[in-house]
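To start, the structure itself, in structure tokens.
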Amino acid sequence: MAAAELDRIDREILRLIMQDSARSLAEIAQEVGLTPTPCWKRIRRMEEAGVITGRVALVDPALVGLPISVFVAVETGDHSGDWIARFAEAVASLPEIVECWRLGGDVDYLLRVVVPDMAGYDAFYRRFVAAVPSLRKVTGRFAMERVKSTTALPI
């Protein structure tokens with residue numbers, strides 16, 4: 001489904017779901033001016049098209065014992081298919097990595113890692129560098145304050 005195929009009502013449904021995915025279908029339908037059945041059909045269509053990729057509960061990391069976020073910049077000297085596959089496997093196997101982005105520019109990958117403390121980061125770092133060969137540089141940047149965090153897209 002292309003972005004152009006989303007009409008005003010689809011976008012409003014998405015805004016409401018991104019704000020609170022626990023809203024009832026009846027509440028969403030009322031807010032967008034539909035009855036529940038056509039609203040549900042729109043939601044199902046967007047799920048089937050991959051526009052809606054899942055619904056989750058957002059959790060405060062500090063309240064579950066993971067108050068430290070580290071942004072880890074990774075540079076590698078190897079860009080082969082085998083290395084990329086091994087890197088992806090390592091990333092998938094390390095639960096502390098909650099986001100991984102491949103970048104253009106001077107850094108190859110940027111990871112967001114959540115840990116309970118400095119010892120937790122050190123343990124993560126040791127497992128990470130052992131699992132991934134040919135790392136040129138791994139630089140951790142520790143978040144001091146979360147100024148803004150949202151999963152809602154500005155649609």
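As shown in the structure tokens, the chain order sets the letters A, B, ...; within each chain, residues go from 1, and ligands are also counted from 1 in the order they appear.
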If we count only C-alpha atoms, what is near region 46-61 of chain A at a cut-off of 12 Å, once residues fewer than 6 positions away on the same chain are taken out, given as a PyMOL selection string?
chain A and resi 1-3+5-7+9-11+13-15+17-23+39-40+67-69+96+98+113-116+146+149-153
Which of region 6-143 of chain A DSSP labels alpha helix (DSSP H), written as a PyMOL selection string
chain A and resi 8-19+25-32+36-48+81-93+118-131
Check chain A with DSSP on the backbone and list each residue it calls strand (DSSP E or B), as an MDAnalysis selection string.
chainID A and resid 68:76 97:102 109:115 135:142
Polymer residues at most 12 Å from region 75-91 of chain A, only C-alpha atoms, same-chain spacing of 4 or more positions, as a ChimeraX atom specification:
/A:95-113,124-125,127-140
Here is a test: counting only C-alpha atoms, which residue of A:Arg126, A:Arg141, A:Lys148, A:Arg45 is nearest to Phe71 (chain A)?
A:Arg141
Length of the CA of Gly120 (chain A) to CA of Val147 (chain A) vector [Å]:
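Calculated distance between CA of Gly120 (chain A) and CA of Val147 (chain A) is 23.3 Å.
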Between CA of Asp117 (chain A) and CA of Ser93 (chain A), measure the distance and give it in Å to one decimal.
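CA of Ser93 (chain A) lies at a distance of 19.9 Å from CA of Asp117 (chain A).
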Ser24 (chain A) proximity check over A:Glu12, A:Pro36, A:Val72, A:Asp122, using only C-alpha atoms: winner is A:Pro36
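Of the residues listed (A:Leu16, A:Ile43, A:Val70, A:Ile155), A:Val70 shows the shortest atom-to-atom separation from Phe142 (chain A); distances use only C-alpha atoms.
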Students should find that CA of Glu145 (chain A) and CA of Leu94 (chain A) are spaced 23.7 Å
